[in-house]
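**Q** My questions all concern the structure below.
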Amino acid sequence: MLPGVWRHAPGILTTSLQTLVNWGRQNSLWYMLFATACCGIELMAFGASRFDADRHGMVPWGSPRQSDVMIIAGTITEKMAEPTVRLYEQMAEPRYVISMGVCATNGGPFWQGYNVVDGVDKLIPVDVYVPGCPPRPEALLHAIYRLREKIARAGLDRARIREARGAEAARTLSGTQG
Ligand code: SF4
């Protein structure tokens with residue numbers, strides 16, 4: 001057995017397992033069927049045959065409980081704020097949110113409206129923002145790739161920090177003993 005392998009084995013195993021889990025997550029992002037305004041039409045186009053979201057592992061899903069991604073496609077009015085938060089809370093962890101279009105991101109042309117939430121991130125955390133009014137399905141696909149990169153990195157930094165701390169503690173210990 002190579003010297004020192006066992007000392008690093010837990011870190012190596014944890015990092016590899018996390019990579020495998022992240023790979024599975026990023027390639028199977030079921031998105032919730034939820035749209036509140038005209039951006040929803042672009043979301044439908046994204047799922048239709050021309051762009052074919054399924055080939056990216058993105059399955060449209062009718063329930064928040066098995067959905068991984070919530071795509072906020074459209075204006076969020078004050079009336080829709082509470083159902084939006086409720087749907088988000090019904091999703092299992094880890095859950096992701098994409099804000100699609102300027103209305104979802106900051107209220108868009110309706111930002112001064114008394115009944116419009118000027119940014120869905122005032123209600124729930126957003127992972128990726130898609131600019132445009134309306135953003136084309138290609139823009140949404142671009143956002144999906146950015147989200148995948150984010151998922152691929154998830155947890156790995158923490159594992160590396162733990163590993164580095166472990167190595168530092170071992171060095172300190174061996175210095176004390178030496
Ligand atoms: S961003 Fe434009 S297309 Fe999308 S919901 Fe707002 S007004 Fe409609």
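Every chain in the structure tokens has a letter given in the order shown (A, B, ...), and although residue numbers restart at 1 in each chain, ligands are simply numbered from 1 in the order shown.
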Might you pull out every residue within 9 Å of range 71-73 of chain A, with only C-alpha atoms counted and same-chain residues fewer than 2 positions away left off, and present them as number ranges by chain?
**A** A: 31-43, 69, 75-76, 84, 96-101, 103-105, 120
**Q** Find the residue from A:Pro131, A:Gly119, A:Pro64, A:Gly74 that sits nearest to ligand 1; use only C-alpha atoms and all ligand atoms when measuring.
**A** A:Gly74
**Q** Choose the residue, out of A:Ala143, A:Val102, A:Val130, A:Val116, that has the smallest atom-to-atom separation from ligand 1; count only C-alpha atoms and all ligand atoms.
**A** A:Val102
**Q** Could you find all residues in range 38-144 of chain A that DSSP calls alpha helix (DSSP H) from the backbone, and write them as a PyMOL selection string?
**A** chain A and resi 39-47+78-90+102-106+137-144
**Q** For the selection just defined, write its residues with N, CA, C and O atoms to a file, as a CSV table (one decimal), in the first residue's frame.
**A**
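Dumped to out11.csv:
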```
chain,number,residue,atom,x,y,z
A,39,CYS,N,-43.8,34.9,-21.5
A,39,CYS,CA,-42.6,34.1,-21.5
A,39,CYS,C,-42.9,32.6,-21.5
A,39,CYS,O,-42.1,31.8,-22.0
A,40,GLY,N,-44.0,32.3,-21.0
A,40,GLY,CA,-44.5,30.9,-21.0
A,40,GLY,C,-44.5,30.3,-22.4
A,40,GLY,O,-44.3,29.1,-22.6
A,41,ILE,N,-44.8,31.1,-23.4
A,41,ILE,CA,-44.9,30.6,-24.8
A,41,ILE,C,-43.5,30.2,-25.2
A,41,ILE,O,-43.4,29.2,-25.9
A,42,GLU,N,-42.5,31.0,-24.9
A,42,GLU,CA,-41.1,30.6,-25.2
A,42,GLU,C,-40.7,29.3,-24.5
A,42,GLU,O,-40.0,28.5,-25.0
A,43,LEU,N,-41.2,29.2,-23.2
A,43,LEU,CA,-40.9,28.0,-22.5
A,43,LEU,C,-41.5,26.8,-23.1
A,43,LEU,O,-40.9,25.7,-23.2
A,44,MET,N,-42.7,27.0,-23.7
A,44,MET,CA,-43.4,25.8,-24.4
A,44,MET,C,-42.6,25.5,-25.7
A,44,MET,O,-42.4,24.3,-26.0
A,45,ALA,N,-42.1,26.5,-26.4
A,45,ALA,CA,-41.3,26.3,-27.6
A,45,ALA,C,-40.0,25.5,-27.2
A,45,ALA,O,-39.6,24.7,-27.9
A,46,PHE,N,-39.5,25.9,-26.0
A,46,PHE,CA,-38.3,25.2,-25.6
A,46,PHE,C,-38.5,23.7,-25.4
A,46,PHE,O,-37.6,22.9,-25.7
A,47,GLY,N,-39.7,23.3,-24.9
A,47,GLY,CA,-40.0,21.9,-24.7
A,47,GLY,C,-40.5,21.2,-26.0
A,47,GLY,O,-40.6,20.0,-26.0
A,78,GLU,N,-48.5,40.4,-7.4
A,78,GLU,CA,-48.6,40.2,-5.9
A,78,GLU,C,-49.5,39.0,-5.6
A,78,GLU,O,-49.3,38.3,-4.6
A,79,LYS,N,-50.5,38.9,-6.5
A,79,LYS,CA,-51.5,37.8,-6.2
A,79,LYS,C,-50.8,36.4,-6.4
A,79,LYS,O,-51.1,35.4,-5.8
A,80,MET,N,-49.8,36.4,-7.3
A,80,MET,CA,-49.1,35.1,-7.6
A,80,MET,C,-47.9,34.9,-6.7
A,80,MET,O,-47.3,33.8,-6.7
A,81,ALA,N,-47.5,35.8,-5.9
A,81,ALA,CA,-46.4,35.7,-5.0
A,81,ALA,C,-46.5,34.6,-4.0
A,81,ALA,O,-45.6,33.7,-3.9
A,82,GLU,N,-47.6,34.5,-3.4
A,82,GLU,CA,-47.7,33.4,-2.3
A,82,GLU,C,-47.8,32.0,-3.0
A,82,GLU,O,-47.0,31.1,-2.5
A,83,PRO,N,-48.5,31.8,-4.1
A,83,PRO,CA,-48.4,30.5,-4.7
A,83,PRO,C,-47.0,30.1,-5.2
A,83,PRO,O,-46.6,29.0,-5.2
A,84,THR,N,-46.3,31.2,-5.7
A,84,THR,CA,-44.9,30.9,-6.2
A,84,THR,C,-44.1,30.4,-5.1
A,84,THR,O,-43.3,29.4,-5.2
A,85,VAL,N,-44.1,31.0,-3.9
A,85,VAL,CA,-43.3,30.6,-2.8
A,85,VAL,C,-43.8,29.2,-2.3
A,85,VAL,O,-42.9,28.3,-2.0
A,86,ARG,N,-45.1,29.0,-2.3
A,86,ARG,CA,-45.6,27.7,-1.9
A,86,ARG,C,-45.1,26.6,-2.8
A,86,ARG,O,-44.6,25.5,-2.3
A,87,LEU,N,-45.1,26.8,-4.1
A,87,LEU,CA,-44.7,25.8,-5.0
A,87,LEU,C,-43.2,25.5,-4.8
A,87,LEU,O,-42.7,24.4,-4.8
A,88,TYR,N,-42.4,26.6,-4.6
A,88,TYR,CA,-41.0,26.4,-4.4
A,88,TYR,C,-40.7,25.6,-3.1
A,88,TYR,O,-39.9,24.7,-3.1
A,89,GLU,N,-41.5,25.9,-2.1
A,89,GLU,CA,-41.2,25.1,-0.8
A,89,GLU,C,-41.7,23.7,-0.9
A,89,GLU,O,-41.2,22.8,-0.2
A,90,GLN,N,-42.5,23.4,-1.9
A,90,GLN,CA,-43.0,22.0,-2.1
A,90,GLN,C,-41.9,21.1,-2.8
A,90,GLN,O,-42.0,19.9,-2.9
A,102,VAL,N,-37.2,39.7,-18.4
A,102,VAL,CA,-37.0,40.8,-17.5
A,102,VAL,C,-38.1,41.0,-16.5
A,102,VAL,O,-37.9,41.5,-15.4
A,103,CYS,N,-39.3,40.5,-16.8
A,103,CYS,CA,-40.5,40.6,-15.9
A,103,CYS,C,-40.2,39.9,-14.6
A,103,CYS,O,-40.4,40.3,-13.5
A,104,ALA,N,-39.7,38.6,-14.8
A,104,ALA,CA,-39.4,37.8,-13.6
A,104,ALA,C,-38.2,38.3,-12.8
A,104,ALA,O,-38.2,38.3,-11.6
A,105,THR,N,-37.3,38.9,-13.6
A,105,THR,CA,-36.0,39.4,-12.9
A,105,THR,C,-36.2,40.7,-12.2
A,105,THR,O,-35.7,40.8,-11.1
A,106,ASN,N,-36.9,41.6,-12.8
A,106,ASN,CA,-37.0,42.9,-12.1
A,106,ASN,C,-38.4,43.6,-12.3
A,106,ASN,O,-38.5,44.8,-12.1
A,137,PRO,N,-35.9,30.6,-26.8
A,137,PRO,CA,-35.6,29.3,-26.2
A,137,PRO,C,-34.1,29.0,-26.2
A,137,PRO,O,-33.6,28.4,-25.3
A,138,GLU,N,-33.3,29.6,-27.2
A,138,GLU,CA,-31.8,29.4,-27.2
A,138,GLU,C,-31.2,30.0,-25.9
A,138,GLU,O,-30.3,29.5,-25.3
A,139,ALA,N,-31.8,31.2,-25.5
A,139,ALA,CA,-31.3,31.8,-24.3
A,139,ALA,C,-31.6,31.0,-23.1
A,139,ALA,O,-30.7,30.9,-22.1
A,140,LEU,N,-32.7,30.4,-23.1
A,140,LEU,CA,-33.1,29.5,-21.9
A,140,LEU,C,-32.1,28.3,-21.9
A,140,LEU,O,-31.7,27.9,-20.8
A,141,LEU,N,-31.8,27.8,-23.1
A,141,LEU,CA,-30.9,26.6,-23.2
A,141,LEU,C,-29.5,27.0,-22.6
A,141,LEU,O,-28.9,26.3,-21.9
A,142,HIS,N,-29.1,28.2,-23.0
A,142,HIS,CA,-27.8,28.8,-22.5
A,142,HIS,C,-27.8,28.8,-20.9
A,142,HIS,O,-26.9,28.4,-20.3
A,143,ALA,N,-29.0,29.2,-20.4
A,143,ALA,CA,-29.1,29.3,-18.9
A,143,ALA,C,-29.0,27.9,-18.3
A,143,ALA,O,-28.5,27.7,-17.2
A,144,ILE,N,-29.6,26.9,-19.0
A,144,ILE,CA,-29.5,25.6,-18.5
A,144,ILE,C,-28.1,25.1,-18.4
A,144,ILE,O,-27.7,24.5,-17.4
```
**Q** Which residue, A:Gly113, A:Pro125, A:Gly108, A:Gly155, has the smallest gap to ligand 1 when you use only C-alpha atoms and all ligand atoms?
**A**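 Looking only at the distances to ligand 1, the closest residue turns out to be A:Gly108.
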**Q** Using only C-alpha atoms and all ligand atoms, which of A:Val128, A:Met91, A:Val59, A:Cys133 sits nearest ligand 1?
**A**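 Using only C-alpha atoms and all ligand atoms, ligand 1 sits closest to A:Cys133.
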**Q** With distances taken over only C-alpha atoms, which of A:Ser16, A:Ser28, A:Gln112, A:Asn22 is nearest to Trp61 in chain A?
**A**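 So, comparing all the options, the nearest one is A:Ser28.
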**Q** For ligand 1, which of A:Glu149, A:Asp118, A:Asp52, A:Glu93 is the closest residue, counting only C-alpha atoms and all ligand atoms?
**A** A:Asp118
